[in-house]
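start26.cif (mmCIF, N, CA and C atoms) appears below.
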data_protein
#
loop_
_atom_site.label_atom_id
_atom_site.label_comp_id
_atom_site.auth_asym_id
_atom_site.auth_seq_id
_atom_site.Cartn_x
_atom_site.Cartn_y
_atom_site.Cartn_z
N MET A 1 11.39 -104.13 30.28
CA MET A 1 10.29 -104.11 29.34
C MET A 1 10.29 -105.40 28.53
N LYS A 2 9.09 -105.87 28.23
CA LYS A 2 8.93 -107.07 27.42
C LYS A 2 8.22 -106.69 26.13
N THR A 3 8.71 -107.22 25.02
CA THR A 3 8.17 -106.91 23.70
C THR A 3 7.63 -108.17 23.05
N PHE A 4 6.46 -108.04 22.40
CA PHE A 4 5.83 -109.16 21.72
C PHE A 4 5.35 -108.69 20.35
N LYS A 5 5.25 -109.61 19.42
CA LYS A 5 4.69 -109.33 18.10
C LYS A 5 3.17 -109.38 18.20
N ILE A 6 2.50 -108.46 17.49
CA ILE A 6 1.04 -108.56 17.41
C ILE A 6 0.67 -109.05 16.01
N VAL A 7 -0.32 -109.91 15.97
CA VAL A 7 -0.76 -110.48 14.69
C VAL A 7 -2.12 -109.94 14.27
N SER A 8 -2.80 -109.23 15.17
CA SER A 8 -4.11 -108.68 14.84
C SER A 8 -4.37 -107.45 15.69
N LEU A 9 -4.96 -106.44 15.06
CA LEU A 9 -5.38 -105.23 15.77
C LEU A 9 -6.78 -104.89 15.31
N GLN A 10 -7.66 -104.70 16.28
CA GLN A 10 -9.03 -104.30 15.99
C GLN A 10 -9.39 -103.12 16.88
N VAL A 11 -10.06 -102.14 16.29
CA VAL A 11 -10.55 -100.99 17.03
C VAL A 11 -12.04 -101.23 17.28
N ILE A 12 -12.45 -101.01 18.53
CA ILE A 12 -13.86 -101.19 18.90
C ILE A 12 -14.49 -99.81 18.98
N ASP A 13 -15.45 -99.58 18.10
CA ASP A 13 -16.15 -98.31 18.02
C ASP A 13 -17.62 -98.59 18.30
N ASN A 14 -18.06 -98.34 19.53
CA ASN A 14 -19.39 -98.74 20.00
C ASN A 14 -19.52 -100.25 19.83
N GLU A 15 -20.45 -100.71 19.01
CA GLU A 15 -20.61 -102.15 18.79
C GLU A 15 -19.90 -102.62 17.52
N ASN A 16 -19.27 -101.70 16.80
CA ASN A 16 -18.58 -102.05 15.56
C ASN A 16 -17.12 -102.40 15.83
N ILE A 17 -16.62 -103.33 15.05
CA ILE A 17 -15.21 -103.71 15.14
C ILE A 17 -14.56 -103.39 13.81
N ILE A 18 -13.48 -102.64 13.86
CA ILE A 18 -12.76 -102.27 12.65
C ILE A 18 -11.44 -103.02 12.65
N ASP A 19 -11.28 -103.91 11.67
CA ASP A 19 -10.02 -104.63 11.52
C ASP A 19 -8.99 -103.70 10.89
N ILE A 20 -7.84 -103.59 11.51
CA ILE A 20 -6.74 -102.83 10.96
C ILE A 20 -5.76 -103.84 10.38
N VAL A 21 -5.61 -103.83 9.07
CA VAL A 21 -4.71 -104.78 8.42
C VAL A 21 -3.28 -104.33 8.71
N LEU A 22 -2.50 -105.21 9.30
CA LEU A 22 -1.14 -104.88 9.71
C LEU A 22 -0.11 -105.34 8.69
N GLU A 23 0.87 -104.48 8.45
CA GLU A 23 2.10 -104.91 7.77
C GLU A 23 3.01 -105.54 8.82
N ASP A 24 2.99 -104.94 10.00
CA ASP A 24 3.78 -105.42 11.12
C ASP A 24 3.25 -104.73 12.38
N GLY A 25 3.59 -105.27 13.52
CA GLY A 25 3.16 -104.64 14.76
C GLY A 25 3.83 -105.26 15.96
N LEU A 26 3.93 -104.47 17.01
CA LEU A 26 4.49 -104.99 18.25
C LEU A 26 3.81 -104.33 19.43
N ILE A 27 3.96 -104.98 20.56
CA ILE A 27 3.39 -104.47 21.80
C ILE A 27 4.45 -104.59 22.88
N ILE A 28 4.57 -103.56 23.70
CA ILE A 28 5.59 -103.52 24.74
C ILE A 28 4.92 -103.31 26.09
N ASN A 29 5.21 -104.21 27.03
CA ASN A 29 4.80 -104.02 28.42
C ASN A 29 5.87 -103.15 29.06
N LYS A 30 5.53 -101.92 29.43
CA LYS A 30 6.52 -101.00 29.97
C LYS A 30 7.00 -101.39 31.37
N GLU A 31 6.25 -102.26 32.04
CA GLU A 31 6.61 -102.70 33.39
C GLU A 31 6.97 -101.51 34.28
N ASP A 32 6.10 -100.50 34.24
CA ASP A 32 6.34 -99.26 34.97
C ASP A 32 5.57 -99.16 36.28
N GLY A 33 4.93 -100.24 36.69
CA GLY A 33 4.14 -100.22 37.91
C GLY A 33 2.74 -99.67 37.70
N LYS A 34 2.46 -99.12 36.53
CA LYS A 34 1.15 -98.57 36.21
C LYS A 34 0.41 -99.42 35.18
N MET A 35 1.00 -100.57 34.85
CA MET A 35 0.43 -101.50 33.86
C MET A 35 0.24 -100.82 32.50
N THR A 36 1.23 -100.03 32.09
CA THR A 36 1.18 -99.31 30.82
C THR A 36 1.78 -100.15 29.70
N TRP A 37 1.12 -100.12 28.56
CA TRP A 37 1.58 -100.84 27.37
C TRP A 37 1.68 -99.86 26.21
N LEU A 38 2.65 -100.12 25.32
CA LEU A 38 2.77 -99.40 24.06
C LEU A 38 2.44 -100.37 22.93
N ILE A 39 1.65 -99.93 21.98
CA ILE A 39 1.29 -100.74 20.82
C ILE A 39 1.70 -99.95 19.59
N GLU A 40 2.53 -100.56 18.74
CA GLU A 40 2.87 -99.92 17.48
C GLU A 40 2.31 -100.74 16.34
N ALA A 41 1.52 -100.09 15.51
CA ALA A 41 0.93 -100.74 14.34
C ALA A 41 1.51 -100.09 13.09
N TYR A 42 2.14 -100.90 12.27
CA TYR A 42 2.66 -100.44 10.98
C TYR A 42 1.67 -100.92 9.93
N THR A 43 0.98 -99.97 9.29
CA THR A 43 -0.16 -100.32 8.45
C THR A 43 -0.25 -99.39 7.24
N ASP A 44 -1.22 -99.62 6.40
CA ASP A 44 -1.44 -98.84 5.19
C ASP A 44 -1.88 -97.41 5.53
N LYS A 45 -1.48 -96.46 4.70
CA LYS A 45 -1.85 -95.05 4.92
C LYS A 45 -3.35 -94.80 4.77
N LYS A 46 -4.09 -95.77 4.24
CA LYS A 46 -5.54 -95.56 4.07
C LYS A 46 -6.24 -95.36 5.42
N TYR A 47 -5.59 -95.74 6.52
CA TYR A 47 -6.18 -95.58 7.85
C TYR A 47 -5.84 -94.23 8.48
N TYR A 48 -5.10 -93.38 7.77
CA TYR A 48 -4.62 -92.13 8.36
C TYR A 48 -5.77 -91.27 8.90
N ASP A 49 -6.77 -91.00 8.07
CA ASP A 49 -7.88 -90.13 8.50
C ASP A 49 -8.59 -90.69 9.72
N PHE A 50 -8.79 -92.00 9.73
CA PHE A 50 -9.45 -92.65 10.87
C PHE A 50 -8.64 -92.42 12.16
N PHE A 51 -7.34 -92.70 12.11
CA PHE A 51 -6.52 -92.56 13.31
C PHE A 51 -6.31 -91.10 13.68
N ARG A 52 -6.21 -90.22 12.71
CA ARG A 52 -6.04 -88.79 13.00
C ARG A 52 -7.28 -88.26 13.73
N THR A 53 -8.46 -88.66 13.28
CA THR A 53 -9.70 -88.27 13.97
C THR A 53 -9.73 -88.82 15.38
N ALA A 54 -9.36 -90.09 15.54
CA ALA A 54 -9.33 -90.72 16.87
C ALA A 54 -8.33 -90.03 17.78
N GLN A 55 -7.21 -89.58 17.21
CA GLN A 55 -6.18 -88.90 18.01
C GLN A 55 -6.71 -87.59 18.60
N GLN A 56 -7.60 -86.94 17.91
CA GLN A 56 -8.13 -85.65 18.36
C GLN A 56 -9.26 -85.79 19.38
N MET A 57 -9.77 -86.99 19.56
CA MET A 57 -10.84 -87.23 20.53
C MET A 57 -10.26 -87.25 21.94
N THR A 58 -11.09 -86.91 22.91
CA THR A 58 -10.63 -86.91 24.29
C THR A 58 -10.86 -88.25 24.99
N ASN A 59 -11.77 -89.05 24.46
CA ASN A 59 -12.07 -90.33 25.11
C ASN A 59 -11.07 -91.40 24.65
N ASP A 60 -11.00 -92.48 25.41
CA ASP A 60 -10.10 -93.59 25.10
C ASP A 60 -10.49 -94.27 23.80
N LEU A 61 -9.48 -94.78 23.12
CA LEU A 61 -9.69 -95.61 21.94
C LEU A 61 -9.60 -97.05 22.41
N LYS A 62 -10.69 -97.78 22.27
CA LYS A 62 -10.72 -99.18 22.70
C LYS A 62 -10.22 -100.05 21.55
N VAL A 63 -9.23 -100.87 21.86
CA VAL A 63 -8.68 -101.78 20.86
C VAL A 63 -8.56 -103.16 21.47
N GLN A 64 -8.43 -104.14 20.61
CA GLN A 64 -8.07 -105.47 21.07
C GLN A 64 -7.00 -106.00 20.13
N VAL A 65 -6.00 -106.62 20.72
CA VAL A 65 -4.89 -107.16 19.94
C VAL A 65 -4.75 -108.65 20.23
N ILE A 66 -4.29 -109.35 19.22
CA ILE A 66 -3.91 -110.74 19.42
C ILE A 66 -2.39 -110.75 19.37
N ILE A 67 -1.80 -111.28 20.42
CA ILE A 67 -0.35 -111.25 20.59
C ILE A 67 0.25 -112.59 20.20
N THR A 68 1.30 -112.55 19.40
CA THR A 68 2.18 -113.66 19.04
C THR A 68 1.57 -114.68 18.09
N ASN A 69 0.39 -115.21 18.40
CA ASN A 69 -0.18 -116.31 17.64
C ASN A 69 -1.67 -116.09 17.46
N GLU A 70 -2.18 -116.29 16.26
CA GLU A 70 -3.61 -116.05 15.99
C GLU A 70 -4.53 -116.92 16.83
N ALA A 71 -4.02 -118.01 17.40
CA ALA A 71 -4.84 -118.88 18.24
C ALA A 71 -5.06 -118.28 19.63
N ASN A 72 -4.30 -117.26 20.01
CA ASN A 72 -4.46 -116.63 21.32
C ASN A 72 -5.73 -115.79 21.36
N ASP A 73 -6.27 -115.62 22.57
CA ASP A 73 -7.44 -114.77 22.76
C ASP A 73 -7.06 -113.31 22.57
N PRO A 74 -7.98 -112.49 22.08
CA PRO A 74 -7.71 -111.06 21.98
C PRO A 74 -7.56 -110.44 23.36
N ALA A 75 -6.63 -109.51 23.47
CA ALA A 75 -6.42 -108.78 24.72
C ALA A 75 -6.99 -107.37 24.55
N PRO A 76 -7.93 -106.97 25.42
CA PRO A 76 -8.56 -105.65 25.28
C PRO A 76 -7.75 -104.56 26.00
N PHE A 77 -7.63 -103.40 25.34
CA PHE A 77 -6.90 -102.26 25.88
C PHE A 77 -7.73 -101.00 25.74
N ARG A 78 -7.54 -100.07 26.69
CA ARG A 78 -8.02 -98.70 26.59
C ARG A 78 -6.78 -97.86 26.26
N THR A 79 -6.79 -97.18 25.13
CA THR A 79 -5.59 -96.50 24.68
C THR A 79 -5.86 -95.07 24.25
N HIS A 80 -4.79 -94.36 24.00
CA HIS A 80 -4.84 -93.09 23.29
C HIS A 80 -3.67 -93.09 22.30
N ILE A 81 -3.81 -92.31 21.26
CA ILE A 81 -2.78 -92.28 20.21
C ILE A 81 -1.71 -91.28 20.60
N ARG A 82 -0.49 -91.78 20.71
CA ARG A 82 0.65 -90.93 21.06
C ARG A 82 1.26 -90.26 19.84
N CYS A 83 1.29 -91.00 18.71
CA CYS A 83 2.02 -90.50 17.56
C CYS A 83 1.55 -91.22 16.29
N ILE A 84 1.50 -90.48 15.20
CA ILE A 84 1.25 -91.06 13.88
C ILE A 84 2.38 -90.58 12.97
N LYS A 85 3.07 -91.51 12.34
CA LYS A 85 4.15 -91.16 11.41
C LYS A 85 3.82 -91.70 10.04
N LEU A 86 3.89 -90.83 9.04
CA LEU A 86 3.62 -91.23 7.67
C LEU A 86 4.92 -91.60 6.96
N PHE A 87 4.85 -92.65 6.16
CA PHE A 87 5.94 -93.08 5.31
C PHE A 87 5.43 -93.06 3.88
N GLU A 88 6.24 -93.54 2.93
CA GLU A 88 5.85 -93.48 1.52
C GLU A 88 4.51 -94.16 1.25
N LYS A 89 4.38 -95.42 1.63
CA LYS A 89 3.15 -96.17 1.38
C LYS A 89 2.40 -96.53 2.65
N ASN A 90 3.07 -96.48 3.76
CA ASN A 90 2.50 -96.94 5.02
C ASN A 90 2.57 -95.87 6.08
N MET A 91 2.13 -96.24 7.25
CA MET A 91 2.20 -95.34 8.39
C MET A 91 2.39 -96.16 9.66
N SER A 92 2.87 -95.49 10.68
CA SER A 92 3.05 -96.11 11.99
C SER A 92 2.15 -95.36 12.97
N VAL A 93 1.41 -96.12 13.75
CA VAL A 93 0.56 -95.54 14.79
C VAL A 93 1.05 -96.07 16.12
N LEU A 94 1.38 -95.16 17.03
CA LEU A 94 1.83 -95.55 18.36
C LEU A 94 0.71 -95.27 19.35
N LEU A 95 0.24 -96.32 20.00
CA LEU A 95 -0.81 -96.22 21.01
C LEU A 95 -0.20 -96.48 22.38
N GLU A 96 -0.70 -95.79 23.37
CA GLU A 96 -0.31 -96.07 24.74
C GLU A 96 -1.58 -96.32 25.53
N GLY A 97 -1.55 -97.34 26.38
CA GLY A 97 -2.76 -97.61 27.12
C GLY A 97 -2.59 -98.66 28.18
N HIS A 98 -3.73 -99.12 28.64
CA HIS A 98 -3.78 -100.06 29.76
C HIS A 98 -4.64 -101.26 29.39
N LEU A 99 -4.18 -102.41 29.79
CA LEU A 99 -4.92 -103.65 29.59
C LEU A 99 -6.17 -103.61 30.45
N ASN A 100 -7.31 -103.92 29.86
CA ASN A 100 -8.54 -104.04 30.66
C ASN A 100 -8.39 -105.26 31.54
N VAL A 101 -8.49 -105.09 32.82
CA VAL A 101 -8.23 -106.19 33.74
C VAL A 101 -9.45 -107.07 33.99
N LYS A 102 -10.60 -106.70 33.45
CA LYS A 102 -11.76 -107.59 33.58
C LYS A 102 -11.47 -108.87 32.83
N ARG A 103 -12.12 -109.93 33.26
CA ARG A 103 -11.89 -111.22 32.61
C ARG A 103 -12.27 -111.15 31.14
N ASN A 104 -11.63 -111.97 30.36
CA ASN A 104 -11.88 -112.01 28.93
C ASN A 104 -13.25 -112.63 28.68
N GLU A 105 -14.13 -111.89 28.05
CA GLU A 105 -15.50 -112.32 27.82
C GLU A 105 -15.70 -112.89 26.43
N TYR A 106 -14.63 -113.11 25.69
CA TYR A 106 -14.73 -113.52 24.29
C TYR A 106 -15.57 -114.78 24.13
N ALA A 107 -15.23 -115.83 24.87
CA ALA A 107 -15.94 -117.10 24.73
C ALA A 107 -17.43 -116.94 25.07
N GLU A 108 -17.72 -116.17 26.10
CA GLU A 108 -19.10 -115.93 26.51
C GLU A 108 -19.89 -115.20 25.42
N LEU A 109 -19.28 -114.16 24.84
CA LEU A 109 -19.94 -113.42 23.77
C LEU A 109 -20.16 -114.29 22.54
N LEU A 110 -19.16 -115.08 22.20
CA LEU A 110 -19.27 -115.98 21.05
C LEU A 110 -20.39 -117.00 21.27
N LEU A 111 -20.42 -117.61 22.43
CA LEU A 111 -21.44 -118.61 22.73
C LEU A 111 -22.84 -118.00 22.65
N ASN A 112 -23.01 -116.82 23.20
CA ASN A 112 -24.29 -116.13 23.14
C ASN A 112 -24.71 -115.89 21.69
N GLU A 113 -23.79 -115.43 20.88
CA GLU A 113 -24.07 -115.18 19.46
C GLU A 113 -24.49 -116.46 18.74
N LEU A 114 -23.79 -117.55 19.01
CA LEU A 114 -24.11 -118.83 18.36
C LEU A 114 -25.51 -119.32 18.73
N VAL A 115 -25.87 -119.18 20.00
CA VAL A 115 -27.21 -119.58 20.45
C VAL A 115 -28.26 -118.71 19.76
N GLN A 116 -28.00 -117.40 19.65
CA GLN A 116 -28.93 -116.51 18.95
C GLN A 116 -29.06 -116.87 17.48
N GLU A 117 -27.99 -117.42 16.90
CA GLU A 117 -28.03 -117.85 15.50
C GLU A 117 -28.72 -119.20 15.33
N GLY A 118 -29.11 -119.83 16.43
CA GLY A 118 -29.86 -121.07 16.35
C GLY A 118 -29.05 -122.35 16.47
N PHE A 119 -27.77 -122.24 16.79
CA PHE A 119 -26.96 -123.44 16.96
C PHE A 119 -27.32 -124.13 18.27
N ALA A 120 -27.29 -125.47 18.26
CA ALA A 120 -27.58 -126.25 19.46
C ALA A 120 -26.85 -127.58 19.36
N GLY A 121 -26.69 -128.23 20.51
CA GLY A 121 -26.12 -129.57 20.56
C GLY A 121 -24.74 -129.67 19.94
N GLU A 122 -24.53 -130.75 19.18
CA GLU A 122 -23.23 -131.01 18.56
C GLU A 122 -22.85 -129.92 17.56
N ASN A 123 -23.84 -129.38 16.85
CA ASN A 123 -23.56 -128.29 15.91
C ASN A 123 -23.03 -127.05 16.63
N LEU A 124 -23.59 -126.77 17.81
CA LEU A 124 -23.13 -125.65 18.61
C LEU A 124 -21.67 -125.86 19.01
N ILE A 125 -21.35 -127.05 19.48
CA ILE A 125 -19.97 -127.34 19.91
C ILE A 125 -19.01 -127.21 18.74
N ALA A 126 -19.38 -127.78 17.59
CA ALA A 126 -18.50 -127.74 16.42
C ALA A 126 -18.27 -126.30 15.94
N GLU A 127 -19.35 -125.52 15.88
CA GLU A 127 -19.22 -124.14 15.41
C GLU A 127 -18.46 -123.28 16.42
N PHE A 128 -18.67 -123.55 17.71
CA PHE A 128 -17.94 -122.84 18.76
C PHE A 128 -16.44 -123.09 18.61
N LYS A 129 -16.05 -124.34 18.45
CA LYS A 129 -14.63 -124.68 18.27
C LYS A 129 -14.06 -124.02 17.02
N ASN A 130 -14.83 -124.06 15.94
CA ASN A 130 -14.38 -123.47 14.68
C ASN A 130 -14.14 -121.97 14.83
N ARG A 131 -15.10 -121.26 15.41
CA ARG A 131 -14.95 -119.81 15.55
C ARG A 131 -13.92 -119.43 16.61
N MET A 132 -13.73 -120.26 17.62
CA MET A 132 -12.67 -119.99 18.59
C MET A 132 -11.30 -120.05 17.91
N ARG A 133 -11.16 -120.99 16.99
CA ARG A 133 -9.89 -121.09 16.24
C ARG A 133 -9.70 -119.88 15.33
N LYS A 134 -10.79 -119.43 14.71
CA LYS A 134 -10.71 -118.31 13.75
C LYS A 134 -10.75 -116.95 14.44
N LYS A 135 -11.14 -116.92 15.70
CA LYS A 135 -11.30 -115.67 16.45
C LYS A 135 -12.21 -114.69 15.72
N THR A 136 -13.41 -115.17 15.43
CA THR A 136 -14.42 -114.33 14.80
C THR A 136 -14.56 -113.04 15.60
N LYS A 137 -14.86 -111.96 14.93
CA LYS A 137 -14.86 -110.63 15.55
C LYS A 137 -15.96 -110.45 16.59
N TYR A 138 -15.58 -110.36 17.84
CA TYR A 138 -16.47 -110.00 18.93
C TYR A 138 -15.67 -109.13 19.88
N PRO A 139 -16.17 -107.98 20.27
CA PRO A 139 -15.43 -107.20 21.26
C PRO A 139 -15.35 -107.98 22.56
N VAL A 140 -14.16 -108.08 23.12
CA VAL A 140 -14.00 -108.90 24.31
C VAL A 140 -14.49 -108.20 25.57
N SER A 141 -14.71 -106.92 25.50
CA SER A 141 -15.21 -106.21 26.68
C SER A 141 -16.10 -105.06 26.23
N LYS A 142 -17.39 -105.27 26.29
CA LYS A 142 -18.35 -104.26 25.84
C LYS A 142 -18.53 -103.13 26.84
N ASN A 143 -18.24 -103.40 28.10
CA ASN A 143 -18.56 -102.43 29.15
C ASN A 143 -17.43 -101.49 29.50
N ASN A 144 -16.30 -101.62 28.88
CA ASN A 144 -15.16 -100.76 29.24
C ASN A 144 -14.95 -99.69 28.22
#
structure tokens encoding of this file:
Amino acid sequence: MKTFKIVSLQVIDNENIIDIVLEDGLIINKEDGKMTWLIEAYTDKKYYDFFRTAQQMTNDLKVQVIITNEANDPAPFRTHIRCIKLFEKNMSVLLEGHLNVKRNEYAELLLNELVQEGFAGENLIAEFKNRMRKKTKYPVSKNN
């Protein structure tokens, strides 16, 4: 198994993206032949109701994580919640899921958004580079 630190966790709910502010987090590639990953998010208890509701749903919870460095592209996963543990001020959410194997559409979605916002030419290039560095919120896979 390989373990990595996660620096960002976002839940994709239809077209909305919910940023989950992390105290800490990690992701483990189980290397089980089924491409299974475990994601643990240590976060504020204010997210408890949200995750508890998601845990009771039968459909997958779509998330995207940025692994190791904020400059990395978000990795999209289809997950379900295995466990929620409450602590004094925080909570731990354990997700299990699979990496979406479709190509990462982040740059394509960002470029489309910038064109719709009216950017063109050198301004388009500059804003594209800026938002790629910041990883502005765009779901990397709308169809999964």
I'd like the interatomic distance between atom N of Met1 of chain A and atom CA of Leu99 of chain A, to a tenth of an Å.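 Those two atoms sit 16.3 Å apart.
Picked out by the PyMOL selection byres ((chain A and resi 71-83) around 5) when it runs on this file: A:Asp60, A:Leu61, A:Lys62, A:Val63, A:Gln64, A:Val65, A:Ile66, A:Asn69, A:Glu70, A:Ile84, A:Lys85, A:Val93, A:Leu94, A:Leu95, A:Glu96, A:Gly97, A:His98, A:Leu99, A:Asn100.
Residue nearest Ile27 of chain A within the list A:Asn112, A:Ser8, A:Asn59, A:Asn130: A:Ser8 [criterion: smallest interatomic distance, only C-alpha atoms].
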Using only C-alpha atoms, which of A:Ala126, A:Val115, A:Met35, A:Ala41 sits nearest Ile20 of chain A?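 Ranked by minimum distance to Ile20 of chain A, first place goes to A:Ala41.
The interatomic distance for the pair atom N of Glu31 of chain A and atom N of Thr68 of chain A works out to 17.0 Å.
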Determine which residues of segment 30-77 of chain A receive a DSSP assignment of helix (DSSP H, G or I), computed from the backbone, and state them as a compact mmCIF listing (two decimals) with N, CA and C atoms, in the coordinates of the input.
# COMPACT_ATOMS: atom_id res chain seq x y z
N LYS A 45 -1.48 -96.46 4.70
CA LYS A 45 -1.85 -95.05 4.92
C LYS A 45 -3.35 -94.80 4.77
N LYS A 46 -4.09 -95.77 4.24
CA LYS A 46 -5.54 -95.56 4.07
C LYS A 46 -6.24 -95.36 5.42
N TYR A 47 -5.59 -95.74 6.52
CA TYR A 47 -6.18 -95.58 7.85
C TYR A 47 -5.84 -94.23 8.48
N TYR A 48 -5.10 -93.38 7.77
CA TYR A 48 -4.62 -92.13 8.36
C TYR A 48 -5.77 -91.27 8.90
N ASP A 49 -6.77 -91.00 8.07
CA ASP A 49 -7.88 -90.13 8.50
C ASP A 49 -8.59 -90.69 9.72
N PHE A 50 -8.79 -92.00 9.73
CA PHE A 50 -9.45 -92.65 10.87
C PHE A 50 -8.64 -92.42 12.16
N PHE A 51 -7.34 -92.70 12.11
CA PHE A 51 -6.52 -92.56 13.31
C PHE A 51 -6.31 -91.10 13.68
N ARG A 52 -6.21 -90.22 12.71
CA ARG A 52 -6.04 -88.79 13.00
C ARG A 52 -7.28 -88.26 13.73
N THR A 53 -8.46 -88.66 13.28
CA THR A 53 -9.70 -88.27 13.97
C THR A 53 -9.73 -88.82 15.38
N ALA A 54 -9.36 -90.09 15.54
CA ALA A 54 -9.33 -90.72 16.87
C ALA A 54 -8.33 -90.03 17.78
N GLN A 55 -7.21 -89.58 17.21
CA GLN A 55 -6.18 -88.90 18.01
C GLN A 55 -6.71 -87.59 18.60
N GLN A 56 -7.60 -86.94 17.91
CA GLN A 56 -8.13 -85.65 18.36
C GLN A 56 -9.26 -85.79 19.38
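Remark: for Lys30 of chain A, the closest of the candidate residues A:Ser92, A:Gln116, A:Thr3, A:Thr53 is A:Thr3 (distances computed over only C-alpha atoms).
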Starting from the shown file, work through the PyMOL selection byres ((chain A and resi 21) around 7) and note down what comes out as a PyMOL selection string. chain A and resi 9+18-20+22-24+42-44
Could you turn the residues from that selection into a file that holds N, CA and C atoms, as a short mmCIF file (atom, residue, chain, number, x, y, z; two decimals), keeping the file's coordinate frame?
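Below is the file part-v4.cif, written as the result:
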data_model
loop_
_atom_site.label_atom_id
_atom_site.label_comp_id
_atom_site.auth_asym_id
_atom_site.auth_seq_id
_atom_site.Cartn_x
_atom_site.Cartn_y
_atom_site.Cartn_z
N LEU A 9 -4.96 -106.44 15.06
CA LEU A 9 -5.38 -105.23 15.77
C LEU A 9 -6.78 -104.89 15.31
N ILE A 18 -13.48 -102.64 13.86
CA ILE A 18 -12.76 -102.27 12.65
C ILE A 18 -11.44 -103.02 12.65
N ASP A 19 -11.28 -103.91 11.67
CA ASP A 19 -10.02 -104.63 11.52
C ASP A 19 -8.99 -103.70 10.89
N ILE A 20 -7.84 -103.59 11.51
CA ILE A 20 -6.74 -102.83 10.96
C ILE A 20 -5.76 -103.84 10.38
N LEU A 22 -2.50 -105.21 9.30
CA LEU A 22 -1.14 -104.88 9.71
C LEU A 22 -0.11 -105.34 8.69
N GLU A 23 0.87 -104.48 8.45
CA GLU A 23 2.10 -104.91 7.77
C GLU A 23 3.01 -105.54 8.82
N ASP A 24 2.99 -104.94 10.00
CA ASP A 24 3.78 -105.42 11.12
C ASP A 24 3.25 -104.73 12.38
N TYR A 42 2.14 -100.90 12.27
CA TYR A 42 2.66 -100.44 10.98
C TYR A 42 1.67 -100.92 9.93
N THR A 43 0.98 -99.97 9.29
CA THR A 43 -0.16 -100.32 8.45
C THR A 43 -0.25 -99.39 7.24
N ASP A 44 -1.22 -99.62 6.40
CA ASP A 44 -1.44 -98.84 5.19
C ASP A 44 -1.88 -97.41 5.53
#
Skip Leu114 of chain A itself and residues of its chain fewer than 6 positions away, then list as a ChimeraX atom specification all residues within 8 Å of it, counting only C-alpha atoms. /A:124,127-128
Quick one: pull the distance between atom CA of Glu40 of chain A and atom CA of Leu26 of chain A, Å, one decimal.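 Separating atom CA of Glu40 of chain A from atom CA of Leu26 of chain A is a distance of 5.4 Å.
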Please run DSSP on the backbone and report, as a PyMOL selection string, all residues within segment 36-144 of chain A that come out as strand (DSSP E). chain A and resi 36-44+61-67+75-86+90-99
